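Enquirer: The following block contains the structure, expressed as structure tokens.
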Amino acid sequence: MKRSCRDARATRRIVFRGTPLGDAQFCRIQRLIDGQLGITRQEIARQTCKSFGWRRNNGLWAVRAARQLLVRLDAAGSIRLPAPRRTQGRPRRCNEAAMVGLGDAASMDVVSSSPLPARAGSVLLVRPICSKELPHWRAHIERFHYLGDAALVGESIRYMAYLNGELVALLSFGAAALRNAPRDRFIGWDEATKKARLHLIVNNARFLVLPSNRSHDLASRVLGATLRRLSQDWEHVYGHRVVLVETFVDTSRFRGTCYQASNWTCVGETKGWSKSGGTYRFNGQPKSVWLYALRRDFRKQLCSSAARCSRQERLMALDVEKLPLHGQGGLFDILDDCPDARKARGLRHKLRNVLAIGVCATLAGVRSVAAMAQWAAEQSPETLKILGSKRGKPPSERTLRRVFSTVDVAEIDRLTGQWVAAQQQSVPGDGLAIDGKTERGSRDGEIGARHLLSAVMHSNGTVVGQVDVDSKTNEITRVEPLFKDMDIKGKVVTADALLTQKEVARHLVEDKKADYVLPVKDNQPTLRQDIETLNLDAFPPSTHDD
């Protein structure tokens, strides 16, 4: 029999997204539930996120994770949720397994949904699945993987791997394990830092090479191809990159050869406990823990202070009234120069108002169009009127996407970059990083992928300017156009070793009155030798008298 809520609350105390939950918090959630008759569980989770400030790293409310938490609390008797309005979960496993009754036929169905021409030689392609491929992905895992299919926890991405157009492997990645002692010792984590940085680690939950397509090096090749794109895919979907991947290998069944061949590191074994619902049970089957670093400085990324991690949450409380929106040099004055390609008939939101909402949402820390729409919907009617919305109504996500697809992005960057940078000048010790990136998915037939050189704020990753890098030139020649209309006087500019050039340094110091920190590597042996000869470690800049 379920215990009474009062008794359960007295014994339950958990921590969720850095918030300790006890008797007072459970009562607060229950009052929210009882105060609105007929409210759905989804809406309860959304309002709970707003009440406690639980957000994902891209700025969206953590509704899915909060809903899972509420279901567990309801099962434990800590709160009373209304009955679900529809049956939860996926179709039964036996139905999914029936979808691959012939195995190879289902494989052909998956391939035909995204046809790939067979080529001479061995061509390996790994890509995330689309929504219509999910049933087939689950059916293959259910039939051929010894653990079967299981729901992925938190943020997750599923992949399919094709060899010469034929489906050969399937993988999935989800949220990292909360308790993993060998991993935590290897990183050097304390409990507070782990809770703040755990989202930068992902777990390789499933890896299946189909039985009819096994070769001596296929598994390691698929792993390598997936890991090379994993962090960028994660940033594209969830608004942040990941720096470390973990997985668990059952040593009674496997030796982990493919992980070893892919340069993973075995850091120890678990004690034989597994999570079952909201508790842990002893299964007597220790598993080896393997890790793969996606960045060389992964320890620095994972062990940085928790205070810096919370900066994004602090930026969410943006005071729009204090921003210079009107008058000469204000945001609206700048955006008035942007041409509107839309037809005038039926327009509910002016172009400058939609763009102003997007710029302010970016300053608030959001990193996706969906998060921009959510940020706008959470603003008061008075705030939206300040941003120019009619009757204080926010634009929808669809409107934001339609507007952003019609404007000249390069022109918007040029007009707003300097204004955005000016709003960040109060951040102490902040600077600009020059970074060149190739835009994924921008290749079109014979037209090569688009390459951009961007100026990014150190404090929060806000892009304040960017320029195209044509295939006939390089990043070095594009530094001057990048800073042409940008006031960076007194700022510190950092870049990678590619931009450690005399012309770049001269332009920053003499023309823009800025400072720089540029690395010197072995590709410039003379300069590096000169620096080593100066023995600068013995004379730090703070000791200079001149």
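Identifiers in this document derive from the order of the structure tokens: chains are assigned A, B, ..., residues are numbered from 1 separately in each chain, and ligands are numbered from 1 in order of occurrence.
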Name the residues in contact with Arg179 (chain A) at a cut-off of 10 Å, using only C-alpha atoms, excluding same-chain residues fewer than 2 positions from it; report them as a PyMOL selection string.
Expert: chain A and resi 176-177+181-184+194+270+274-275
Enquirer: Take the residues from that selection and write them out as a short mmCIF file (atom, residue, chain, number, x, y, z; two decimals), in the first residue's frame, keeping N, CA and C atoms.
Expert:
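File out.cif, as written:
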data_model
loop_
_atom_site.label_atom_id
_atom_site.label_comp_id
_atom_site.auth_asym_id
_atom_site.auth_seq_id
_atom_site.Cartn_x
_atom_site.Cartn_y
_atom_site.Cartn_z
N ALA A 176 25.04 10.58 -18.99
CA ALA A 176 26.04 9.81 -18.26
C ALA A 176 25.46 9.29 -16.94
N ALA A 177 26.07 8.22 -16.43
CA ALA A 177 25.64 7.64 -15.16
C ALA A 177 25.92 8.61 -14.01
N ALA A 181 32.08 5.46 -9.88
CA ALA A 181 33.27 5.75 -9.06
C ALA A 181 34.57 5.70 -9.86
N PRO A 182 34.83 4.69 -10.72
CA PRO A 182 36.08 4.69 -11.49
C PRO A 182 36.23 5.93 -12.37
N ARG A 183 35.15 6.36 -12.98
CA ARG A 183 35.19 7.57 -13.82
C ARG A 183 35.48 8.81 -12.98
N ASP A 184 34.81 8.93 -11.84
CA ASP A 184 34.99 10.11 -11.00
C ASP A 184 36.41 10.21 -10.46
N LYS A 194 30.86 17.55 -9.96
CA LYS A 194 30.24 16.51 -10.78
C LYS A 194 28.80 16.90 -11.14
N THR A 270 33.16 -1.54 -12.01
CA THR A 270 32.10 -1.21 -11.06
C THR A 270 32.05 -2.29 -9.98
N SER A 274 23.41 -2.07 -9.98
CA SER A 274 22.72 -1.47 -11.11
C SER A 274 21.49 -0.74 -10.61
N LYS A 275 21.08 0.27 -11.37
CA LYS A 275 19.93 1.07 -10.98
C LYS A 275 18.66 0.41 -11.47
#
Enquirer: Fewer than 4 positions away in the same chain doesn't count, so skip those; otherwise give me all residues within 12 Å of Ser215 (chain A), counting only C-alpha atoms, as a short mmCIF file (atom, residue, chain, number, x, y, z; two decimals) with N, CA and C atoms, in the first residue's frame.
Expert:
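File written: out.cif
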data_model
loop_
_atom_site.label_atom_id
_atom_site.label_comp_id
_atom_site.auth_asym_id
_atom_site.auth_seq_id
_atom_site.Cartn_x
_atom_site.Cartn_y
_atom_site.Cartn_z
N LEU A 163 27.73 0.88 -44.59
CA LEU A 163 28.95 0.54 -45.32
C LEU A 163 28.57 0.28 -46.76
N VAL A 168 24.93 -1.51 -41.32
CA VAL A 168 25.84 -2.48 -40.69
C VAL A 168 25.89 -2.34 -39.17
N ALA A 169 25.52 -1.19 -38.60
CA ALA A 169 25.66 -1.02 -37.15
C ALA A 169 24.70 0.05 -36.65
N VAL A 209 26.72 -4.24 -33.88
CA VAL A 209 27.13 -4.54 -35.25
C VAL A 209 26.28 -5.70 -35.72
N LEU A 210 25.52 -5.53 -36.78
CA LEU A 210 24.60 -6.56 -37.24
C LEU A 210 25.36 -7.84 -37.60
N PRO A 211 24.82 -8.99 -37.26
CA PRO A 211 25.57 -10.27 -37.41
C PRO A 211 26.03 -10.55 -38.82
N ALA A 219 33.89 -2.64 -36.29
CA ALA A 219 33.41 -2.02 -35.04
C ALA A 219 34.24 -0.80 -34.67
N SER A 220 35.55 -0.91 -34.75
CA SER A 220 36.40 0.23 -34.39
C SER A 220 36.25 1.37 -35.39
N ARG A 221 36.04 1.05 -36.67
CA ARG A 221 35.83 2.10 -37.67
C ARG A 221 34.53 2.85 -37.41
N VAL A 222 33.48 2.13 -37.08
CA VAL A 222 32.20 2.77 -36.79
C VAL A 222 32.32 3.65 -35.55
N CYS A 258 37.03 -3.78 -29.33
CA CYS A 258 36.77 -2.68 -30.27
C CYS A 258 37.01 -1.32 -29.60
#
Enquirer: Tell me which of A:Gln501, A:Arg391, A:Val202, A:Asn353 sits closest to Ser231 (chain A), counting only C-alpha atoms.
Expert: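 Nearest candidate to Ser231 (chain A) out of A:Gln501, A:Arg391, A:Val202, A:Asn353: A:Val202.
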Enquirer: Give me every alpha helix (DSSP H) residue in region 121-251 of chain A, going by DSSP on the backbone, as a ChimeraX atom specification.
Expert: /A:134-144,181-187,191-197,218-238
Enquirer: Please produce a file of those selected residues containing C-alpha atoms, as an mmCIF file, in the first residue's frame.
Expert:
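Written output follows (selection.cif):
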data_model
loop_
_atom_site.group_PDB
_atom_site.id
_atom_site.type_symbol
_atom_site.label_atom_id
_atom_site.label_comp_id
_atom_site.auth_asym_id
_atom_site.auth_seq_id
_atom_site.Cartn_x
_atom_site.Cartn_y
_atom_site.Cartn_z
ATOM 1 C CA LEU A 134 13.144 5.014 -34.784
ATOM 2 C CA PRO A 135 10.848 1.926 -34.864
ATOM 3 C CA HIS A 136 13.291 0.095 -37.152
ATOM 4 C CA TRP A 137 16.253 1.102 -34.980
ATOM 5 C CA ARG A 138 14.500 -0.224 -31.869
ATOM 6 C CA ALA A 139 13.415 -3.404 -33.629
ATOM 7 C CA HIS A 140 16.980 -4.262 -34.646
ATOM 8 C CA ILE A 141 18.295 -3.552 -31.145
ATOM 9 C CA GLU A 142 15.519 -5.636 -29.578
ATOM 10 C CA ARG A 143 16.258 -8.608 -31.779
ATOM 11 C CA PHE A 144 20.056 -8.625 -32.005
ATOM 12 C CA ALA A 181 33.265 5.746 -9.060
ATOM 13 C CA PRO A 182 36.084 4.693 -11.492
ATOM 14 C CA ARG A 183 35.190 7.575 -13.820
ATOM 15 C CA ASP A 184 34.987 10.113 -10.995
ATOM 16 C CA ARG A 185 38.393 9.064 -9.632
ATOM 17 C CA PHE A 186 39.944 9.267 -13.099
ATOM 18 C CA ILE A 187 38.616 12.805 -13.625
ATOM 19 C CA GLU A 191 30.436 15.903 -5.676
ATOM 20 C CA ALA A 192 29.586 19.569 -6.316
ATOM 21 C CA THR A 193 31.646 19.806 -9.510
ATOM 22 C CA LYS A 194 30.237 16.513 -10.783
ATOM 23 C CA LYS A 195 26.662 17.743 -10.449
ATOM 24 C CA ALA A 196 27.547 20.951 -12.275
ATOM 25 C CA ARG A 197 29.494 19.353 -15.160
ATOM 26 C CA LEU A 218 34.298 -2.675 -38.697
ATOM 27 C CA ALA A 219 33.414 -2.025 -35.035
ATOM 28 C CA SER A 220 36.403 0.230 -34.394
ATOM 29 C CA ARG A 221 35.834 2.096 -37.670
ATOM 30 C CA VAL A 222 32.199 2.771 -36.788
ATOM 31 C CA LEU A 223 33.159 3.929 -33.299
ATOM 32 C CA GLY A 224 35.808 6.274 -34.667
ATOM 33 C CA ALA A 225 33.495 7.793 -37.264
ATOM 34 C CA THR A 226 30.770 8.331 -34.659
ATOM 35 C CA LEU A 227 33.063 9.921 -32.078
ATOM 36 C CA ARG A 228 34.439 12.371 -34.645
ATOM 37 C CA ARG A 229 30.999 13.908 -35.119
ATOM 38 C CA LEU A 230 29.376 13.262 -31.722
ATOM 39 C CA SER A 231 30.224 16.555 -30.030
ATOM 40 C CA GLN A 232 29.047 18.686 -32.969
ATOM 41 C CA ASP A 233 25.820 16.699 -33.235
ATOM 42 C CA TRP A 234 25.206 17.190 -29.515
ATOM 43 C CA GLU A 235 25.727 20.929 -29.840
ATOM 44 C CA HIS A 236 23.378 21.085 -32.820
ATOM 45 C CA VAL A 237 20.571 19.288 -30.946
ATOM 46 C CA TYR A 238 21.061 20.384 -27.334
#
Enquirer: What separation in Å, quoted to one decimal, exists between CA of Asp487 (chain A) and CA of Asp413 (chain A)?
Expert: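 About the pair CA of Asp487 (chain A) and CA of Asp413 (chain A): they are 14.4 Å apart.
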Enquirer: Among region 159-386 of chain A, which residues carry a DSSP assignment of strand (DSSP E or B), reported as JSON, numbers by chain?
Expert: {"A": [159, 160, 161, 162, 163, 166, 167, 168, 169, 170, 171, 172, 173, 174, 175, 201, 202, 203, 204, 205, 206, 207, 208, 209, 244, 245, 246, 247, 248, 249, 250, 265, 266, 267, 268, 269, 273, 274, 275, 276, 279, 280, 281, 282, 287, 288, 289, 290, 291, 292, 293]}
Enquirer: Quick one: residues within 9 Å of Asp336 (chain A), only C-alpha atoms, excluding same-chain residues fewer than 5 positions away - as a count of residues only?
Expert: 3
Enquirer: Find the residues near Trp273 (chain A): any atom within 9 Å, counting only C-alpha atoms, skip ones fewer than 2 places away on the same chain, and give them as a list in words.
Expert: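 Non-adjacent residues within range: Thr270, Lys271, Lys275, Tyr280, Arg281, Phe282, Asn283, Gly284, Gln285 and Pro286 of chain A.
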Enquirer: Just C-alpha atoms for this one: save the residues we selected as a CSV table (one decimal), in the first residue's frame.
Expert:
chain,number,residue,atom,x,y,z
A,270,THR,CA,32.1,-1.2,-11.1
A,271,LYS,CA,31.1,-3.0,-7.8
A,275,LYS,CA,19.9,1.1,-11.0
A,280,TYR,CA,20.1,0.4,-6.7
A,281,ARG,CA,20.3,-3.4,-6.5
A,282,PHE,CA,23.3,-5.7,-6.3
A,283,ASN,CA,23.5,-7.9,-9.5
A,284,GLY,CA,26.9,-9.5,-8.8
A,285,GLN,CA,28.2,-8.7,-12.3
A,286,PRO,CA,30.9,-6.0,-12.2
Enquirer: If you measure from CA of Gly431 (chain A) to CA of Ala293 (chain A), what distance in Å do you get, rounded to one decimal?
Expert: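 Distance between the two atoms: 27.1 Å.
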